[in-house]
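Undergrad: Questions regarding the structure given below will be posed in turn.
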Amino acid sequence: AQSVSQHNHHVILSEAASLELGCNYSYGGTVNLFWYVQYPGQHLQLLLKYFSGDPLVKGIKGFEAEFIKSKFSFNLRKPSVQWSDTAEYFCAVSPNAGKSTFGDGTTLTVKP
Amino acid sequence: DTGVSQNPRHKITKRGQNVTFRCDPISEHNRLYWYRQTLGQGPEFLTYFQNEAQLEKSRLLSDRFSAERPKGSFSTLEIQRTEQGDSAMYLCASSLEQGGGNNEQFFGPGTRLTVL
């Protein structure tokens, strides 16, 4: 069975600080990897995705993530956060054409 | 709005009552997923359909839960004899599966169920 671990439950940063959120997954086969964001009062939105090819993927709003197959990791990064990035972030893994398994989420609070 | 829609957005019910939720996926999407999310946790998979066929059902889904997608378009999730532990956000997502395995899922706003 697949599983996803997000190491940080709550991260607090000041504006302009750099962000890295950890995500490790457990699955033996080929997977698709996702980061979703949930802003306060809104529904889940896709930030970025990895299916194949270049392991460094870029998403919306300046976010990027790097897939490191040997470490089963897909960490999310942003060089300079803004107050508007305050949200909950979920990492998810899915085998090809199947259900997604989500981590428990990381709440990011950015102080102005 | 051509996104995934869910109705109702909120449902409050008494323990023991039956409830039904509806999900309308993005129109050309052939896959439809149901997830449940409780506070402090990520969404947990419940079940999914390809067209009208229910392809997988989680062991989390007790026999009080049933889902249908009769015409391969909208789906309903019914919970019979609700319990307080059923209180959660029920999320629906849809995707277009074309055989390449790239299954980006688009989520609806969810239905928040409160069982008193």
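As shown in the structure tokens, the chain order sets the letters A, B, ...; within each chain, residues go from 1, and ligands are also counted from 1 in the order they appear.
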For chain B, which residues have at least one atom within 6 Å of chain A, if we go by only C-alpha atoms? Write them as a ChimeraX atom specification, please.
TA: /B:41-42,101,103,109
Undergrad: Show which residues sit within 8 Å of Glu66 of chain A, as a list of chain:residue names. Count only C-alpha atoms, and ignore same-chain residues fewer than 3 positions away.
TA: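 The contact residues come out as A:Pro55, A:Leu56, A:Val57, A:Ser73, A:Phe74, A:Asn75, A:Leu76.
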Undergrad: Would you save the residues from that selection as a tab-separated table (two decimals), in the first residue's frame, using all heavy atoms?
TA:
chain	number	residue	atom	x	y	z
A	55	PRO	N	12.97	15.97	-13.43
A	55	PRO	CA	12.52	15.80	-12.04
A	55	PRO	C	12.27	17.13	-11.32
A	55	PRO	O	11.72	17.13	-10.22
A	55	PRO	CB	13.67	15.04	-11.39
A	55	PRO	CG	14.85	15.36	-12.22
A	55	PRO	CD	14.35	15.53	-13.62
A	56	LEU	N	12.70	18.23	-11.90
A	56	LEU	CA	12.43	19.54	-11.30
A	56	LEU	C	11.22	20.12	-12.02
A	56	LEU	O	11.29	20.42	-13.22
A	56	LEU	CB	13.65	20.45	-11.44
A	56	LEU	CG	13.52	21.81	-10.76
A	56	LEU	CD1	13.38	21.65	-9.25
A	56	LEU	CD2	14.74	22.67	-11.08
A	57	VAL	N	10.13	20.24	-11.30
A	57	VAL	CA	8.91	20.73	-11.93
A	57	VAL	C	8.54	22.09	-11.36
A	57	VAL	O	8.71	22.34	-10.17
A	57	VAL	CB	7.74	19.75	-11.77
A	57	VAL	CG1	7.99	18.49	-12.55
A	57	VAL	CG2	7.47	19.42	-10.31
A	73	SER	N	11.39	11.09	-2.51
A	73	SER	CA	10.99	12.39	-1.99
A	73	SER	C	10.50	13.30	-3.11
A	73	SER	O	10.87	13.14	-4.28
A	73	SER	CB	12.16	13.06	-1.25
A	73	SER	OG	13.16	13.47	-2.16
A	74	PHE	N	9.67	14.25	-2.72
A	74	PHE	CA	9.12	15.24	-3.66
A	74	PHE	C	8.89	16.51	-2.86
A	74	PHE	O	7.77	16.88	-2.54
A	74	PHE	CB	7.82	14.70	-4.26
A	74	PHE	CG	7.28	15.51	-5.41
A	74	PHE	CD1	8.05	15.77	-6.54
A	74	PHE	CD2	5.97	15.99	-5.39
A	74	PHE	CE1	7.55	16.50	-7.60
A	74	PHE	CE2	5.46	16.72	-6.46
A	74	PHE	CZ	6.25	16.98	-7.56
A	75	ASN	N	9.98	17.21	-2.55
A	75	ASN	CA	9.91	18.38	-1.69
A	75	ASN	C	9.47	19.62	-2.45
A	75	ASN	O	9.89	19.84	-3.59
A	75	ASN	CB	11.26	18.63	-1.02
A	75	ASN	CG	11.60	17.54	-0.01
A	75	ASN	OD1	10.78	16.66	0.27
A	75	ASN	ND2	12.82	17.59	0.50
A	76	LEU	N	8.69	20.43	-1.80
A	76	LEU	CA	8.16	21.66	-2.39
A	76	LEU	C	9.02	22.83	-1.95
A	76	LEU	O	9.38	22.93	-0.77
A	76	LEU	CB	6.72	21.88	-1.92
A	76	LEU	CG	6.00	23.12	-2.46
A	76	LEU	CD1	5.68	22.96	-3.94
A	76	LEU	CD2	4.72	23.38	-1.67
Undergrad: At a cut-off of 8 Å, using only C-alpha atoms, what residues contact Met89 of chain B? Leave out same-chain residues fewer than 4 positions from it and give the result as JSON, numbers by chain.
TA: {"B": [36, 37, 38, 110, 111, 112, 113]}
Undergrad: Tell me, which residues of chain B carry DSSP strand (DSSP E or B), written as a PyMOL selection string?
TA: chain B and resi 5-7+10-13+19-24+31-37+44-50+53-57+65-68+75-79+88-95+106-107+111-115
Undergrad: Could you turn the residues from that selection into a file that holds C-alpha atoms, as a PDB file, in the first residue's frame?
TA:
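Full text of out.pdb as output:
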ATOM      1  CA  SER B   5     -19.614  20.987  -8.155  1.00  0.00           C
ATOM      2  CA  GLN B   6     -20.986  19.383  -5.022  1.00  0.00           C
ATOM      3  CA  ASN B   7     -24.328  19.699  -3.296  1.00  0.00           C
ATOM      4  CA  HIS B  10     -23.241  21.781   4.274  1.00  0.00           C
ATOM      5  CA  LYS B  11     -25.418  19.125   5.860  1.00  0.00           C
ATOM      6  CA  ILE B  12     -26.381  18.812   9.501  1.00  0.00           C
ATOM      7  CA  THR B  13     -28.201  15.658  10.479  1.00  0.00           C
ATOM      8  CA  VAL B  19     -27.896  11.462   3.967  1.00  0.00           C
ATOM      9  CA  THR B  20     -27.097  11.702   0.261  1.00  0.00           C
ATOM     10  CA  PHE B  21     -24.556  13.937  -1.431  1.00  0.00           C
ATOM     11  CA  ARG B  22     -24.248  14.727  -5.106  1.00  0.00           C
ATOM     12  CA  CYS B  23     -21.189  15.431  -7.232  1.00  0.00           C
ATOM     13  CA  ASP B  24     -21.186  16.803 -10.768  1.00  0.00           C
ATOM     14  CA  ARG B  31     -13.215   9.249 -13.738  1.00  0.00           C
ATOM     15  CA  LEU B  32     -14.860  10.361 -10.523  1.00  0.00           C
ATOM     16  CA  TYR B  33     -13.418   9.969  -7.030  1.00  0.00           C
ATOM     17  CA  TRP B  34     -14.800  10.354  -3.523  1.00  0.00           C
ATOM     18  CA  TYR B  35     -12.568  11.255  -0.579  1.00  0.00           C
ATOM     19  CA  ARG B  36     -13.220  12.073   3.062  1.00  0.00           C
ATOM     20  CA  GLN B  37     -11.247  14.664   5.023  1.00  0.00           C
ATOM     21  CA  GLU B  44      -8.657   9.763   2.479  1.00  0.00           C
ATOM     22  CA  PHE B  45      -9.728   7.784  -0.555  1.00  0.00           C
ATOM     23  CA  LEU B  46     -13.187   6.222  -0.423  1.00  0.00           C
ATOM     24  CA  THR B  47     -14.050   5.017  -3.905  1.00  0.00           C
ATOM     25  CA  TYR B  48     -13.771   5.813  -7.592  1.00  0.00           C
ATOM     26  CA  PHE B  49     -15.599   5.246 -10.866  1.00  0.00           C
ATOM     27  CA  GLN B  50     -14.593   5.025 -14.460  1.00  0.00           C
ATOM     28  CA  ALA B  53     -18.269   1.274 -13.213  1.00  0.00           C
ATOM     29  CA  GLN B  54     -17.100   1.420  -9.606  1.00  0.00           C
ATOM     30  CA  LEU B  55     -13.477   0.287  -9.917  1.00  0.00           C
ATOM     31  CA  GLU B  56     -12.242   0.439  -6.349  1.00  0.00           C
ATOM     32  CA  LYS B  57     -13.670   0.806  -2.889  1.00  0.00           C
ATOM     33  CA  PHE B  65     -21.799   3.817   2.607  1.00  0.00           C
ATOM     34  CA  SER B  66     -22.819   3.398  -0.999  1.00  0.00           C
ATOM     35  CA  ALA B  67     -21.906   5.340  -4.102  1.00  0.00           C
ATOM     36  CA  GLU B  68     -23.381   5.301  -7.570  1.00  0.00           C
ATOM     37  CA  SER B  75     -22.449  10.609  -8.745  1.00  0.00           C
ATOM     38  CA  THR B  76     -24.191  10.234  -5.411  1.00  0.00           C
ATOM     39  CA  LEU B  77     -22.741   9.132  -2.095  1.00  0.00           C
ATOM     40  CA  GLU B  78     -25.231   7.867   0.466  1.00  0.00           C
ATOM     41  CA  ILE B  79     -24.543   7.254   4.129  1.00  0.00           C
ATOM     42  CA  ALA B  88     -16.204  15.122   7.971  1.00  0.00           C
ATOM     43  CA  MET B  89     -15.749  16.966   4.693  1.00  0.00           C
ATOM     44  CA  TYR B  90     -16.665  14.740   1.745  1.00  0.00           C
ATOM     45  CA  LEU B  91     -14.702  15.666  -1.352  1.00  0.00           C
ATOM     46  CA  CYS B  92     -15.354  14.746  -4.943  1.00  0.00           C
ATOM     47  CA  ALA B  93     -12.768  14.910  -7.706  1.00  0.00           C
ATOM     48  CA  SER B  94     -12.770  14.094 -11.393  1.00  0.00           C
ATOM     49  CA  SER B  95     -10.134  13.350 -14.004  1.00  0.00           C
ATOM     50  CA  PHE B 106      -9.757  18.356 -10.068  1.00  0.00           C
ATOM     51  CA  PHE B 107     -11.489  18.783  -6.738  1.00  0.00           C
ATOM     52  CA  THR B 111     -19.813  18.773   1.414  1.00  0.00           C
ATOM     53  CA  ARG B 112     -19.336  19.302   5.125  1.00  0.00           C
ATOM     54  CA  LEU B 113     -21.345  16.783   7.118  1.00  0.00           C
ATOM     55  CA  THR B 114     -22.081  17.299  10.799  1.00  0.00           C
ATOM     56  CA  VAL B 115     -23.797  14.465  12.646  1.00  0.00           C
TER      57      VAL B 115
END
Undergrad: Work out how far apart atom CA of Glu104 of chain B and atom CA of Val110 of chain A are and give it in Å to one decimal.
TA: 28.0 Å
Undergrad: Hey, can you check how far atom CA of Phe63 of chain A sits from atom CA of Gln82 of chain A?
TA: 11.6 Å
